[in-house]
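Printed here is entry_3.json (JSON, C-alpha atoms):
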[["chain", "number", "residue", "atom", "x", "y", "z"],
["A", 1, "MET", "CA", 266.44, 13.32, 166.61],
["A", 2, "SER", "CA", 264.99, 14.18, 170.00],
["A", 3, "ASP", "CA", 265.41, 17.03, 172.46],
["A", 4, "THR", "CA", 266.81, 14.63, 175.04],
["A", 5, "TYR", "CA", 269.54, 13.31, 172.77],
["A", 6, "PRO", "CA", 270.76, 15.93, 170.28],
["A", 7, "PHE", "CA", 272.14, 13.38, 167.82],
["A", 8, "GLU", "CA", 270.80, 10.60, 165.68],
["A", 9, "ILE", "CA", 271.77, 6.98, 166.26],
["A", 10, "THR", "CA", 272.48, 5.60, 162.82],
["A", 11, "ASP", "CA", 272.21, 2.04, 161.60],
["A", 12, "GLU", "CA", 275.99, 1.97, 161.37],
["A", 13, "MET", "CA", 276.28, 2.95, 165.04],
["A", 14, "ARG", "CA", 273.83, 0.21, 165.97],
["A", 15, "GLN", "CA", 275.83, -2.32, 163.94],
["A", 16, "VAL", "CA", 279.07, -1.28, 165.63],
["A", 17, "ALA", "CA", 277.43, -1.66, 169.05],
["A", 18, "GLU", "CA", 276.06, -5.10, 168.11],
["A", 19, "THR", "CA", 279.47, -6.22, 166.85],
["A", 20, "ALA", "CA", 281.12, -5.04, 170.07],
["A", 21, "ARG", "CA", 278.52, -6.89, 172.13],
["A", 22, "ARG", "CA", 279.09, -10.12, 170.21],
["A", 23, "GLN", "CA", 282.86, -9.81, 170.50],
["A", 24, "GLY", "CA", 282.51, -9.30, 174.25],
["A", 25, "LEU", "CA", 280.34, -12.39, 174.53],
["A", 26, "GLN", "CA", 282.82, -14.39, 172.46],
["A", 27, "LYS", "CA", 285.67, -13.36, 174.73],
["A", 28, "ASP", "CA", 283.69, -14.18, 177.88],
["A", 29, "LEU", "CA", 282.65, -17.60, 176.57],
["A", 30, "ARG", "CA", 286.18, -18.47, 175.47],
["A", 31, "THR", "CA", 287.48, -17.43, 178.88],
["A", 32, "LEU", "CA", 284.85, -19.63, 180.53],
["A", 33, "ALA", "CA", 285.79, -22.61, 178.33],
["A", 34, "ALA", "CA", 289.49, -22.14, 179.06],
["A", 35, "SER", "CA", 288.77, -21.93, 182.78],
["A", 36, "ILE", "CA", 286.68, -25.11, 182.71],
["A", 37, "GLY", "CA", 289.33, -26.91, 180.67],
["A", 38, "ALA", "CA", 292.11, -25.84, 183.04],
["A", 39, "ASP", "CA", 290.09, -26.85, 186.11],
["A", 40, "VAL", "CA", 289.41, -30.37, 184.88],
["A", 41, "GLU", "CA", 292.78, -31.04, 183.24],
["A", 42, "GLY", "CA", 294.18, -34.12, 184.95],
["A", 43, "ARG", "CA", 292.13, -33.50, 188.07],
["A", 44, "TYR", "CA", 289.32, -35.97, 187.52],
["A", 45, "ASP", "CA", 291.00, -38.82, 185.67],
["A", 46, "SER", "CA", 289.61, -41.35, 188.13],
["A", 47, "VAL", "CA", 285.93, -40.43, 187.74],
["A", 48, "GLU", "CA", 283.57, -42.31, 185.46],
["A", 49, "PRO", "CA", 283.82, -41.67, 181.70],
["A", 50, "GLY", "CA", 280.33, -40.14, 181.50],
["A", 51, "TRP", "CA", 281.48, -37.19, 183.56],
["A", 52, "ARG", "CA", 284.40, -36.47, 181.24],
["A", 53, "ALA", "CA", 282.15, -36.82, 178.19],
["A", 54, "GLY", "CA", 279.79, -34.27, 179.75],
["A", 55, "VAL", "CA", 282.61, -31.78, 180.21],
["A", 56, "GLU", "CA", 283.81, -32.32, 176.64],
["A", 57, "TRP", "CA", 280.26, -31.84, 175.34],
["A", 58, "THR", "CA", 279.95, -28.61, 177.32],
["A", 59, "LEU", "CA", 283.21, -27.25, 175.92],
["A", 60, "ARG", "CA", 282.09, -28.08, 172.35],
["A", 61, "TRP", "CA", 278.72, -26.41, 173.00],
["A", 62, "ILE", "CA", 280.46, -23.25, 174.22],
["A", 63, "GLU", "CA", 282.71, -23.17, 171.14],
["A", 64, "ASN", "CA", 279.72, -23.73, 168.83],
["A", 65, "THR", "CA", 277.92, -20.85, 170.52],
["A", 66, "VAL", "CA", 280.99, -18.64, 170.02],
["A", 67, "SER", "CA", 281.07, -19.62, 166.35],
["A", 68, "GLN", "CA", 277.41, -18.69, 165.93],
["A", 69, "LEU", "CA", 278.14, -15.25, 167.33],
["A", 70, "THR", "CA", 280.49, -14.61, 164.42],
["A", 71, "GLU", "CA", 277.81, -15.36, 161.82],
["A", 72, "ARG", "CA", 276.55, -12.18, 160.24],
["A", 73, "ARG", "CA", 272.87, -11.54, 160.89],
["A", 74, "PRO", "CA", 270.75, -8.96, 159.11]]

Output the structure of this file as structure tokens.
Amino acid sequence: MSDTYPFEITDEMRQVAETARRQGLQKDLRTLAASIGADVEGRYDSVEPGWRAGVEWTLRWIENTVSQLTERRP
């Protein structure tokens, strides 16, 4: 404990803060993926297939990143 902060930050408090941070990141990334998906839906059907594959890869990468945020880390 310090004079500046008259309370102790426990490991449990740190874990709660870390969990909240991860959940916030998950929400932001899922919102980003949904926005990208909505923007490209039907809009770019005439462009070359490589472009669409790139968008699909990006959406999978975002979802994989979200999944990794749920993994428990020591």

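With distances restricted to only C-alpha atoms, A:Val66 is the closest residue to Asp28 in chain A from A:Trp51, A:Arg43, A:Arg60, A:Val66.
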
Query - Separation of CA of Ile62 in chain A from CA of Arg30 in chain A, in Å and rounded to one decimal - result: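 For CA of Ile62 in chain A relative to CA of Arg30 in chain A, the distance reads 7.6 Å.
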
Requested in this report: Work out how far apart CA of Val40 in chain A and CA of Gly24 in chain A are and give it in Å to one decimal.
Outcome: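 Taking CA of Val40 in chain A and CA of Gly24 in chain A, their separation equals 24.6 Å.
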
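Here CA of Pro49 in chain A stands at a distance of 15.8 Å from CA of Gly37 in chain A.
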